[in-house]
>>> print(open('entry.txt').read())   # compact mmCIF, C-alpha atoms
# COMPACT_ATOMS: atom_id res chain seq x y z
CA MET A 13 8.01 -33.56 29.07
CA LYS A 14 5.00 -31.35 28.40
CA THR A 15 2.54 -30.78 31.20
CA PRO A 16 -1.24 -30.95 30.56
CA ALA A 17 -1.42 -27.21 31.22
CA ILE A 18 1.12 -26.43 28.51
CA LYS A 19 -0.65 -28.76 26.10
CA SER A 20 -4.02 -27.17 26.69
CA VAL A 21 -2.75 -23.59 26.52
CA LEU A 22 -0.10 -23.84 23.85
CA LEU A 23 -1.04 -26.57 21.41
CA PHE A 24 -4.59 -25.38 20.94
CA ILE A 25 -6.13 -22.00 21.66
CA THR A 26 -9.85 -21.72 22.35
CA LEU A 27 -11.22 -18.63 20.69
CA ALA A 28 -14.33 -16.85 21.89
CA CYS A 29 -14.68 -13.76 19.76
CA PRO A 30 -17.10 -12.31 17.21
CA GLY A 31 -17.35 -14.32 14.02
CA LEU A 32 -16.07 -17.54 15.56
CA VAL A 33 -17.95 -20.50 16.93
CA LEU A 34 -17.49 -20.67 20.68
CA GLY A 35 -15.04 -23.42 21.50
CA GLN A 36 -13.48 -23.63 18.04
CA LYS A 37 -9.89 -24.77 18.39
CA ILE A 38 -7.04 -23.32 16.41
CA SER A 39 -3.31 -23.79 16.80
CA SER A 40 -1.00 -20.93 17.71
CA GLU A 41 0.56 -21.12 14.26
CA GLU A 42 -2.82 -20.82 12.57
CA LEU A 43 -3.69 -17.90 14.81
CA VAL A 44 -0.59 -15.85 14.03
CA ARG A 45 -0.73 -16.78 10.35
CA GLY A 46 -4.31 -15.54 10.25
CA VAL A 47 -3.28 -12.08 11.42
CA ALA A 48 -0.24 -11.91 9.14
CA ASP A 49 -2.20 -13.14 6.14
CA GLN A 50 -4.87 -10.50 6.78
CA VAL A 51 -2.16 -7.83 6.56
CA ILE A 52 -0.80 -9.30 3.34
CA ALA A 53 -4.26 -9.62 1.78
CA HIS A 54 -5.05 -5.97 2.50
CA THR A 55 -1.79 -4.50 1.19
CA SER A 56 -2.41 -3.26 -2.33
CA PHE A 57 1.03 -2.00 -3.45
CA ARG A 58 -0.73 0.78 -5.30
CA PHE A 59 -1.09 4.54 -5.04
CA VAL A 60 -4.25 6.60 -4.96
CA ASN A 61 -5.04 10.24 -5.57
CA SER A 62 -6.66 11.27 -2.30
CA LYS A 63 -8.87 13.81 -4.09
CA THR A 64 -9.87 12.14 -7.34
CA LYS A 65 -9.65 8.56 -5.99
CA GLU A 66 -7.82 7.46 -9.14
CA LYS A 67 -5.49 4.52 -8.52
CA TYR A 68 -2.06 3.81 -9.96
CA ASP A 69 0.26 0.82 -9.94
CA SER A 70 3.32 3.07 -9.70
CA THR A 71 4.35 6.72 -9.64
CA LYS A 72 6.13 6.43 -12.97
CA GLY A 73 4.93 9.13 -15.37
CA LEU A 74 2.59 10.78 -12.87
CA PRO A 75 2.52 14.59 -12.64
CA LEU A 76 3.88 15.80 -9.32
CA SER A 77 1.12 16.05 -6.73
CA ALA A 78 1.05 15.89 -2.93
CA ASP A 79 -2.36 14.21 -3.30
CA ILE A 80 -0.71 10.96 -4.39
CA LYS A 81 -0.61 8.57 -1.43
CA ALA A 82 0.09 4.91 -0.78
CA GLU A 83 -3.33 3.27 -0.92
CA THR A 84 -3.11 1.18 2.23
CA ALA A 85 -1.89 1.81 5.78
CA TYR A 86 0.60 -1.06 5.47
CA ASN A 87 2.70 0.84 2.90
CA LYS A 88 3.44 3.94 4.97
CA TRP A 89 6.79 5.21 6.25
CA ASN A 90 5.83 5.03 9.90
CA TYR A 91 7.35 3.44 13.00
CA VAL A 92 4.48 0.98 13.35
CA ASN A 93 5.19 -0.33 9.86
CA GLY A 94 8.75 -0.97 10.95
CA VAL A 95 7.49 -3.19 13.75
CA ILE A 96 5.36 -5.14 11.27
CA THR A 97 8.45 -5.65 9.11
CA ILE A 98 10.41 -7.00 12.07
CA GLY A 99 7.49 -9.29 12.93
CA MET A 100 7.08 -10.59 9.39
CA MET A 101 10.78 -11.32 9.08
CA GLN A 102 10.73 -13.18 12.40
CA MET A 103 7.72 -15.21 11.28
CA ALA A 104 9.50 -16.21 8.09
CA ASP A 105 12.36 -17.54 10.20
CA VAL A 106 10.28 -19.40 12.78
CA LEU A 107 7.78 -20.84 10.31
CA ASN A 108 10.35 -21.40 7.56
CA ASP A 109 7.99 -19.67 5.15
CA LYS A 110 9.35 -17.15 2.63
CA LYS A 111 5.88 -15.71 2.07
CA TYR A 112 6.38 -13.41 5.04
CA SER A 113 9.89 -12.23 4.26
CA ASP A 114 8.95 -11.82 0.60
CA TYR A 115 6.12 -9.55 1.69
CA SER A 116 8.52 -7.28 3.57
CA LEU A 117 11.02 -7.28 0.72
CA HIS A 118 8.25 -6.34 -1.71
CA ASN A 119 7.05 -3.57 0.57
CA SER A 120 10.53 -2.07 0.88
CA GLU A 121 10.99 -2.18 -2.88
CA PHE A 122 7.58 -0.55 -3.39
CA ILE A 123 8.52 2.35 -1.12
CA PHE A 124 12.08 2.91 -2.31
CA SER A 125 11.15 2.72 -5.99
CA SER A 126 8.83 5.70 -5.50
CA ILE A 127 11.17 7.77 -3.32
CA PRO A 128 12.53 9.86 -6.26
CA TYR A 129 8.97 10.92 -7.17
CA PHE A 130 8.05 12.03 -3.65
CA GLU A 131 11.46 13.63 -3.10
CA GLN A 132 10.72 16.01 -5.97
CA ILE A 133 7.48 17.03 -4.27
CA TYR A 134 9.29 17.49 -0.97
CA LYS A 135 12.06 19.62 -2.47
CA ALA A 136 9.55 21.71 -4.42
CA LYS A 137 7.59 22.36 -1.21
CA MET A 138 4.36 21.40 -2.93
CA GLY A 139 2.69 20.18 0.24
CA LYS A 140 3.11 17.19 2.51
CA PRO A 141 4.34 14.32 0.35
CA GLU A 142 3.83 10.65 1.08
CA PHE A 143 6.78 9.17 3.00
CA GLY A 144 7.53 12.69 4.24
CA GLN A 145 9.34 11.46 7.35
CA PHE A 146 11.79 9.65 5.08
CA PHE A 147 13.05 13.06 3.98
CA THR A 148 12.64 15.21 7.10
CA MET A 149 13.98 12.66 9.61
CA GLY A 150 13.21 15.08 12.39
CA ASN A 151 12.60 12.68 15.27
CA LEU A 152 13.08 9.07 16.34
CA ASP A 153 9.58 8.10 15.19
CA ALA A 154 10.61 9.05 11.67
CA CYS A 155 13.49 6.63 11.36
CA GLY A 156 14.31 4.29 14.25
CA ALA A 157 11.83 1.43 13.95
CA MET A 158 11.68 1.63 10.15
CA SER A 159 15.46 1.42 10.06
CA ALA A 160 15.47 -1.65 12.30
CA GLY A 161 13.05 -3.38 9.95
CA LEU A 162 15.05 -2.26 6.92
CA CYS A 163 18.18 -3.79 8.46
CA ASP A 164 16.41 -7.16 8.51
CA VAL A 165 15.31 -6.73 4.90
CA ASP A 166 18.72 -5.58 3.72
CA ALA A 167 20.34 -8.65 5.28
CA LEU A 168 18.71 -10.48 2.35
CA MET A 169 18.73 -7.75 -0.31
CA HIS A 170 22.07 -5.88 0.11
CA LYS A 171 20.86 -2.82 -1.77
CA LYS A 172 22.92 0.34 -1.99
CA GLU A 173 19.94 2.63 -1.44
CA TYR A 174 19.00 0.71 1.70
CA SER A 175 22.46 0.89 3.23
CA GLU A 176 22.69 4.59 2.36
CA TYR A 177 19.45 5.28 4.20
CA LEU A 178 20.60 3.22 7.19
CA SER A 179 23.82 5.24 7.39
CA ARG A 180 21.84 8.48 7.29
CA SER A 181 19.51 7.22 10.01
CA ALA A 182 22.39 6.12 12.22
CA ASP A 183 24.04 9.50 11.83
CA TYR A 184 20.81 11.25 12.78
CA ILE A 185 20.29 9.22 15.96
CA SER A 186 23.94 9.36 16.98
CA HIS A 187 24.61 13.03 16.30
CA LYS A 188 21.43 15.04 15.70
CA GLN A 189 18.59 13.73 17.85
CA GLN A 190 18.10 15.79 21.02
CA ARG A 191 19.62 14.36 24.20
CA LEU A 192 19.94 15.34 27.84
CA ALA A 193 23.37 16.29 29.18
CA ASP A 194 24.05 12.66 30.14
CA GLY A 195 23.32 11.43 26.62
CA THR A 196 19.77 10.19 27.18
CA LEU A 197 17.60 10.50 24.08
CA CYS A 198 14.74 12.96 24.51
CA ARG A 199 12.36 15.20 22.57
CA PRO A 200 11.58 18.91 22.47
CA ASN A 201 7.89 18.20 23.01
CA PRO A 202 5.48 18.38 24.67
CA ARG A 203 8.08 20.20 26.79
CA ASP A 204 11.75 20.65 26.05
CA GLY A 205 13.82 17.66 27.10
CA THR A 206 10.98 15.16 27.55
CA ILE A 207 11.96 11.50 27.76
CA TRP A 208 9.39 9.21 26.14
CA ALA A 209 9.44 5.52 27.09
CA ASP A 210 8.40 4.78 23.51
CA ASP A 211 11.75 6.06 22.28
CA LEU A 212 13.67 3.12 23.67
CA PHE A 213 12.16 1.04 20.86
CA MET A 214 12.53 3.89 18.37
CA SER A 215 16.30 3.79 18.89
CA VAL A 216 17.74 0.70 20.57
CA PRO A 217 16.68 -2.07 18.13
CA PHE A 218 18.26 -0.14 15.26
CA LEU A 219 21.39 0.86 17.18
CA ALA A 220 21.89 -2.77 18.20
CA ARG A 221 21.56 -3.95 14.61
CA MET A 222 24.06 -1.32 13.48
CA GLY A 223 26.48 -2.62 16.09
CA LYS A 224 26.19 -6.09 14.62
CA ILE A 225 26.32 -4.94 10.99
CA THR A 226 29.29 -2.57 11.32
CA GLY A 227 31.16 -4.25 14.16
CA ASP A 228 31.48 -0.81 15.75
CA ALA A 229 31.00 -1.06 19.52
CA LYS A 230 29.84 2.56 19.76
CA TYR A 231 26.36 1.49 18.66
CA PHE A 232 26.12 -1.19 21.34
CA ASP A 233 27.49 1.26 23.91
CA ASP A 234 24.84 3.84 23.02
CA ALA A 235 22.03 1.27 23.04
CA ILE A 236 23.10 0.02 26.48
CA LYS A 237 23.36 3.57 27.78
CA GLN A 238 19.78 4.23 26.70
CA VAL A 239 18.48 1.09 28.44
CA GLU A 240 20.30 1.98 31.65
CA ASN A 241 19.24 5.63 31.59
CA PHE A 242 15.61 4.95 30.70
CA ASN A 243 15.53 2.59 33.67
CA LYS A 244 17.03 5.36 35.81
CA TYR A 245 14.54 8.02 34.76
CA LEU A 246 11.33 6.08 34.21
CA TYR A 247 11.32 3.03 36.50
CA ASP A 248 9.02 3.33 39.52
CA PRO A 249 10.22 1.00 42.31
CA MET A 250 6.97 1.51 44.23
CA THR A 251 4.96 -0.31 41.54
CA GLY A 252 7.60 -2.20 39.56
CA LEU A 253 6.35 -0.40 36.45
CA PHE A 254 7.62 2.38 34.20
CA ILE A 255 6.07 5.81 33.92
CA HIS A 256 5.43 6.99 30.38
CA ASN A 257 7.63 10.06 30.52
CA TYR A 258 10.07 12.31 32.34
CA TYR A 259 9.95 16.11 32.14
CA ASN A 260 13.46 17.47 32.34
CA ASP A 261 12.25 21.06 32.85
CA VAL A 262 10.93 20.13 36.32
CA GLN A 263 12.99 16.92 36.71
CA MET A 264 9.87 14.96 37.46
CA ASN A 265 7.93 12.05 35.95
CA GLY A 266 4.52 12.27 34.35
CA VAL A 267 1.31 10.65 35.58
CA GLY A 268 0.69 7.52 33.53
CA ARG A 269 2.01 3.98 33.82
CA TRP A 270 0.71 3.47 30.32
CA GLY A 271 0.67 -0.08 29.02
CA ARG A 272 2.12 0.29 25.55
CA ALA A 273 4.92 2.55 26.76
CA ASN A 274 5.96 -0.25 29.12
CA GLY A 275 5.65 -2.67 26.21
CA TRP A 276 8.00 -0.65 24.02
CA LEU A 277 10.61 -0.82 26.78
CA ALA A 278 10.31 -4.60 27.15
CA MET A 279 10.55 -5.27 23.43
CA ALA A 280 13.49 -2.92 22.98
CA GLN A 281 15.51 -4.72 25.65
CA CYS A 282 14.84 -8.05 23.94
CA GLN A 283 15.88 -6.65 20.59
CA LEU A 284 19.19 -5.52 22.09
CA LEU A 285 19.87 -8.86 23.75
CA ASN A 286 19.09 -10.62 20.46
CA VAL A 287 22.26 -9.28 18.85
CA LEU A 288 24.52 -8.25 21.73
CA PRO A 289 27.70 -10.37 21.68
CA ALA A 290 27.40 -13.34 24.03
CA GLY A 291 30.43 -12.34 26.06
CA HIS A 292 29.54 -8.67 26.45
CA PRO A 293 30.28 -7.52 30.03
CA LYS A 294 26.91 -5.75 30.33
CA ARG A 295 24.83 -8.74 29.18
CA ALA A 296 24.04 -10.06 32.68
CA GLU A 297 22.97 -6.62 33.87
CA LEU A 298 20.67 -6.18 30.89
CA ILE A 299 19.04 -9.56 31.49
CA ARG A 300 18.54 -8.61 35.14
CA LEU A 301 16.81 -5.38 34.12
CA LEU A 302 14.57 -7.25 31.70
CA LEU A 303 13.64 -9.83 34.32
CA ARG A 304 12.91 -7.08 36.83
CA GLN A 305 10.46 -5.58 34.38
CA ILE A 306 8.84 -8.93 33.55
CA VAL A 307 8.30 -9.74 37.22
CA GLY A 308 6.98 -6.23 37.77
CA TYR A 309 4.35 -6.27 35.06
CA SER A 310 3.33 -9.87 35.73
CA ARG A 311 1.83 -8.65 39.02
CA TYR A 312 -0.73 -6.62 37.09
CA GLN A 313 -1.87 -9.28 34.60
CA ASP A 314 -5.65 -9.62 34.57
CA GLN A 315 -7.28 -13.02 35.09
CA THR A 316 -8.20 -12.92 31.39
CA GLY A 317 -4.47 -12.99 30.58
CA LEU A 318 -4.62 -9.42 29.26
CA TRP A 319 -3.16 -6.23 30.70
CA HIS A 320 -4.86 -2.90 31.23
CA GLN A 321 -4.43 0.34 29.30
CA LEU A 322 -3.09 1.84 32.53
CA LEU A 323 -1.30 -1.10 34.07
CA ASP A 324 -1.98 -0.22 37.68
CA LYS A 325 -5.57 0.92 37.06
CA PRO A 326 -7.91 -2.09 36.80
CA ASP A 327 -10.79 0.26 35.99
CA SER A 328 -9.06 1.12 32.69
CA TYR A 329 -9.86 -1.08 29.72
CA LEU A 330 -8.02 -4.27 28.77
CA GLU A 331 -5.67 -3.48 25.90
CA THR A 332 -4.14 -5.84 23.35
CA SER A 333 -1.02 -4.13 22.03
CA VAL A 334 0.62 -4.10 25.47
CA THR A 335 -0.47 -7.70 26.00
CA ALA A 336 1.24 -8.73 22.76
CA MET A 337 4.39 -6.84 23.70
CA PHE A 338 4.60 -8.37 27.18
CA THR A 339 3.84 -11.84 25.82
CA TYR A 340 6.62 -11.48 23.25
CA ALA A 341 9.16 -10.32 25.83
CA VAL A 342 8.51 -13.25 28.17
CA ALA A 343 8.40 -15.90 25.44
CA ARG A 344 11.52 -14.54 23.77
CA ALA A 345 13.42 -14.44 27.05
CA VAL A 346 12.44 -18.02 27.85
CA ASN A 347 13.20 -19.29 24.35
CA GLN A 348 16.66 -17.73 24.44
CA GLY A 349 17.40 -19.07 27.91
CA TRP A 350 17.78 -15.61 29.42
CA ILE A 351 15.29 -16.35 32.21
CA ASN A 352 13.90 -19.42 33.96
CA ALA A 353 11.53 -21.45 31.76
CA LYS A 354 8.79 -21.36 34.40
CA TYR A 355 8.11 -17.73 33.51
CA ILE A 356 6.48 -19.03 30.31
CA ALA A 357 3.27 -19.26 32.35
CA ILE A 358 2.99 -15.47 32.03
CA ALA A 359 3.23 -15.69 28.25
CA ASN A 360 0.79 -18.61 28.14
CA GLU A 361 -1.84 -16.52 29.86
CA GLY A 362 -1.12 -13.50 27.69
CA TRP A 363 -1.44 -15.56 24.53
CA ARG A 364 -4.67 -17.10 25.78
CA GLY A 365 -6.08 -13.61 26.35
CA LEU A 366 -4.92 -12.37 22.95
CA ALA A 367 -6.62 -15.31 21.24
CA THR A 368 -9.99 -14.05 22.45
CA LYS A 369 -9.32 -10.72 20.72
CA ILE A 370 -8.67 -11.99 17.19
CA THR A 371 -11.68 -12.08 14.88
CA ALA A 372 -12.45 -14.83 12.39
CA ASP A 373 -10.88 -12.82 9.57
CA GLY A 374 -7.64 -12.17 11.48
CA GLN A 375 -8.24 -8.69 12.84
CA MET A 376 -7.07 -7.57 16.26
CA GLN A 377 -9.51 -5.99 18.68
CA ASP A 378 -9.06 -3.40 21.46
CA VAL A 379 -5.82 -1.80 20.29
CA CYS A 380 -5.26 1.68 21.70
CA VAL A 381 -4.78 4.23 18.93
CA GLY A 382 -1.68 6.40 18.66
CA THR A 383 -1.12 8.23 21.94
CA ASN A 384 0.71 11.36 22.99
CA MET A 385 1.00 12.26 26.68
CA ASP A 386 -0.75 14.56 29.09
CA GLU A 387 -0.55 15.76 32.68
CA ASP A 388 -4.11 14.51 33.24
CA ILE A 389 -4.49 10.77 33.90
CA LYS A 390 -7.92 10.93 32.25
CA PHE A 391 -6.13 11.39 28.92
CA TYR A 392 -4.93 7.77 29.05
CA TYR A 393 -8.26 6.44 30.29
CA SER A 394 -10.00 8.16 27.37
CA ARG A 395 -7.81 7.06 24.48
CA PRO A 396 -10.05 5.15 22.06
CA THR A 397 -9.43 1.69 20.67
CA GLU A 398 -9.73 0.77 17.03
CA LEU A 399 -10.24 -2.56 15.32
CA ASN A 400 -6.97 -3.72 13.77
CA ASP A 401 -5.17 -0.51 14.63
CA ILE A 402 -1.70 -0.94 13.21
CA HIS A 403 -0.04 -0.22 16.58
CA GLY A 404 -0.78 -3.76 17.72
CA LEU A 405 -0.08 -5.90 14.68
CA GLY A 406 3.72 -6.07 14.63
CA ALA A 407 3.86 -6.92 18.32
CA PHE A 408 1.26 -9.66 17.81
CA LEU A 409 3.34 -11.21 15.02
CA LEU A 410 6.41 -11.19 17.25
CA ALA A 411 4.49 -12.69 20.16
CA GLY A 412 2.99 -15.38 17.94
CA ALA A 413 6.34 -16.29 16.41
CA GLU A 414 7.85 -16.78 19.86
CA MET A 415 4.89 -18.82 21.12
CA VAL A 416 5.15 -21.09 18.08
CA ARG A 417 8.90 -21.37 18.66
CA PHE A 418 8.28 -22.39 22.26
CA GLU A 419 5.79 -25.05 21.21
CA LYS A 420 8.24 -26.49 18.70
CA ASN A 421 11.01 -26.60 21.31
CA ASP A 422 8.67 -28.10 23.88
CA LYS A 423 7.80 -30.97 21.54
CA LYS A 424 11.42 -32.02 21.19
>>> encode(input="entry.txt", output="structure tokens")
Amino acid sequence: MKTPAIKSVLLFITLACPGLVLGQKISSEELVRGVADQVIAHTSFRFVNSKTKEKYDSTKGLPLSADIKAETAYNKWNYVNGVITIGMMQMADVLNDKKYSDYSLHNSEFIFSSIPYFEQIYKAKMGKPEFGQFFTMGNLDACGAMSAGLCDVDALMHKKEYSEYLSRSADYISHKQQRLADGTLCRPNPRDGTIWADDLFMSVPFLARMGKITGDAKYFDDAIKQVENFNKYLYDPMTGLFIHNYYNDVQMNGVGRWGRANGWLAMAQCQLLNVLPAGHPKRAELIRLLLRQIVGYSRYQDQTGLWHQLLDKPDSYLETSVTAMFTYAVARAVNQGWINAKYIAIANEGWRGLATKITADGQMQDVCVGTNMDEDIKFYYSRPTELNDIHGLGAFLLAGAEMVRFEKNDKK
């Protein structure tokens, strides 16, 4: 039986944001569709010469030039685009609407069909080609999240060039990416051997999918090791939150309990549990770690339903990408029965807060831009926000899909 609170929060969302009439009611499905449809409407599937501004429908027949770029941000080879792909594919499943999976299939085809053109530019060292990270694959940002999204696309397409890329990406993460002596994934910057919380998402969702696709337990084992070790190095028991980074050169954590870094960790753990075999001996431990994080960050949720840029600093601004990530993690965990259903109250409040940050035309407000790390806490305070910054969109789609799924289950 649905309570009045669930009805009021979940069945209809009251929006109070620029461009909307105060008090207008819109369902959760309409809200998440609005954001997804905005992405689709503003994806051109064309190329542009960044100097001459000439536009092209394809790279076929074009002279080689590093000035040729994908026209829109939604066609890039970037980790945030991988999250959007995962979100779109999940929406297609929850809403039973091929429009969203078709979009991701089209986007993958658009990119891969132009790879031979940009590979020539890359090999000729003519400058920085579009999709450059596809070729260099020099860090987890370059391949992990995009590979996870491509796995979901290839489950429908079964293309040789997709599976070849996935094999190359798996080999890179398993054998070439820098690690600490205990096998924990790390980076050579900003200091040698730095663990970034972000990297749990840039590795684990893909590793987990490879475990399912290949049936090889080594991928599950590695993904689980990363979750356990990131908890060991980054979890702060004093606050119940995670610190953005760990510097191996001084064997000490950094300064910021940054919101989105914590969000990456939460989403990555859900993505692993999504495909981990039901009888896996580490499953209960992983659920316990996820619940520990959910309880920890719930203590810092603002009365608006949103979370702060620095989770433990209420004088930092309210930020939407972390709110979407946390909302997704709670709703997903409840929907899958991993945690008690009463925790949905956390997601309800998060979704309510997010609704106030979506404009009439489906754009997301107050998303922190791409962020490095610094020893000065002011660095995190000062990171700007940008309307519809792509760092928030994939997480919002995932959160919305799970909120819609909860509503559908709650009606039964």
>>> closest_residue(input="entry.txt", among="A:Val60, A:Leu301, A:Ala367, A:Val51", to="Met100 of chain A", atoms="only C-alpha atoms")
A:Val51
>>> axis_aligned_box(input="entry.txt", around="segment 381-400 of chain A", padding_each_side="5 Å", output="lines of an AutoDock Vina configuration file")
center_x = -4.6
center_y = 6.0
center_z = 23.8
size_x = 21.2
size_y = 29.5
size_z = 30.1
>>> closest_residue(input="entry.txt", among="A:Ile207, A:Ala220, A:Val106, A:Leu197", to="Lys420 of chain A", atoms="all atoms listed in the file")
A:Val106
>>> closest_residue(input="entry.txt", among="A:Val262, A:Asp204, A:Gln305, A:Tyr91", to="Gly406 of chain A", atoms="only C-alpha atoms")
A:Tyr91
>>> residues_around(input="entry.txt", residues="segment 158-160 of chain A", least_positions_apart="2", cutoff="9 Å", atoms="only C-alpha atoms", output="ChimeraX atom specification")
/A:89-95,97-98,153-156,162-165,177-178,181-182,214-222
>>> residues_near_point(input="entry.txt", point="(15.1, -9.2, 2.6)", cutoff="7 Å", atoms="only C-alpha atoms", output="list of chain:residue names")
A:Ser113, A:Asp114, A:Ser116, A:Leu117, A:Asp164, A:Val165, A:Asp166, A:Ala167, A:Leu168, A:Met169
>>> atom_distance(input="entry.txt", atom1="atom CA of Val44 of chain A", atom2="atom CA of Gly412 of chain A")
5.3 Å
>>> decode(input="entry.txt", residues="segment 388-399 of chain A", atoms="N, CA, C and O atoms", output="JSON list (two decimals), in the first residue's frame")
[["chain", "number", "residue", "atom", "x", "y", "z"],
["A", 388, "ASP", "N", 44.55, 22.39, -1.35],
["A", 388, "ASP", "CA", 43.84, 23.51, -0.74],
["A", 388, "ASP", "C", 42.34, 23.28, -0.83],
["A", 388, "ASP", "O", 41.80, 23.13, -1.93],
["A", 389, "ILE", "N", 41.64, 23.24, 0.30],
["A", 389, "ILE", "CA", 40.20, 22.98, 0.29],
["A", 389, "ILE", "C", 39.44, 24.04, -0.50],
["A", 389, "ILE", "O", 38.36, 23.77, -1.03],
["A", 390, "LYS", "N", 40.01, 25.23, -0.62],
["A", 390, "LYS", "CA", 39.35, 26.31, -1.37],
["A", 390, "LYS", "C", 39.16, 25.92, -2.84],
["A", 390, "LYS", "O", 38.23, 26.40, -3.49],
["A", 391, "PHE", "N", 40.03, 25.06, -3.33],
["A", 391, "PHE", "CA", 39.91, 24.60, -4.72],
["A", 391, "PHE", "C", 38.52, 24.01, -4.98],
["A", 391, "PHE", "O", 37.88, 24.30, -6.00],
["A", 392, "TYR", "N", 38.03, 23.20, -4.06],
["A", 392, "TYR", "CA", 36.72, 22.56, -4.23],
["A", 392, "TYR", "C", 35.59, 23.57, -4.04],
["A", 392, "TYR", "O", 34.60, 23.54, -4.76],
["A", 393, "TYR", "N", 35.75, 24.45, -3.07],
["A", 393, "TYR", "CA", 34.75, 25.50, -2.87],
["A", 393, "TYR", "C", 34.57, 26.34, -4.13],
["A", 393, "TYR", "O", 33.48, 26.79, -4.45],
["A", 394, "SER", "N", 35.68, 26.55, -4.85],
["A", 394, "SER", "CA", 35.70, 27.53, -5.95],
["A", 394, "SER", "C", 35.37, 26.94, -7.31],
["A", 394, "SER", "O", 35.31, 27.69, -8.29],
["A", 395, "ARG", "N", 35.20, 25.63, -7.39],
["A", 395, "ARG", "CA", 34.89, 25.06, -8.70],
["A", 395, "ARG", "C", 33.56, 25.61, -9.20],
["A", 395, "ARG", "O", 32.55, 25.57, -8.48],
["A", 396, "PRO", "N", 33.51, 26.12, -10.42],
["A", 396, "PRO", "CA", 32.26, 26.71, -10.92],
["A", 396, "PRO", "C", 31.23, 25.65, -11.31],
["A", 396, "PRO", "O", 31.56, 24.47, -11.47],
["A", 397, "THR", "N", 29.99, 26.08, -11.42],
["A", 397, "THR", "CA", 28.94, 25.23, -11.95],
["A", 397, "THR", "C", 28.58, 25.72, -13.34],
["A", 397, "THR", "O", 28.85, 26.87, -13.70],
["A", 398, "GLU", "N", 27.98, 24.84, -14.11],
["A", 398, "GLU", "CA", 27.62, 25.20, -15.48],
["A", 398, "GLU", "C", 26.28, 24.58, -15.82],
["A", 398, "GLU", "O", 26.02, 23.42, -15.48],
["A", 399, "LEU", "N", 25.43, 25.35, -16.46],
["A", 399, "LEU", "CA", 24.12, 24.84, -16.85],
["A", 399, "LEU", "C", 24.29, 23.66, -17.80],
["A", 399, "LEU", "O", 24.97, 23.75, -18.81]]
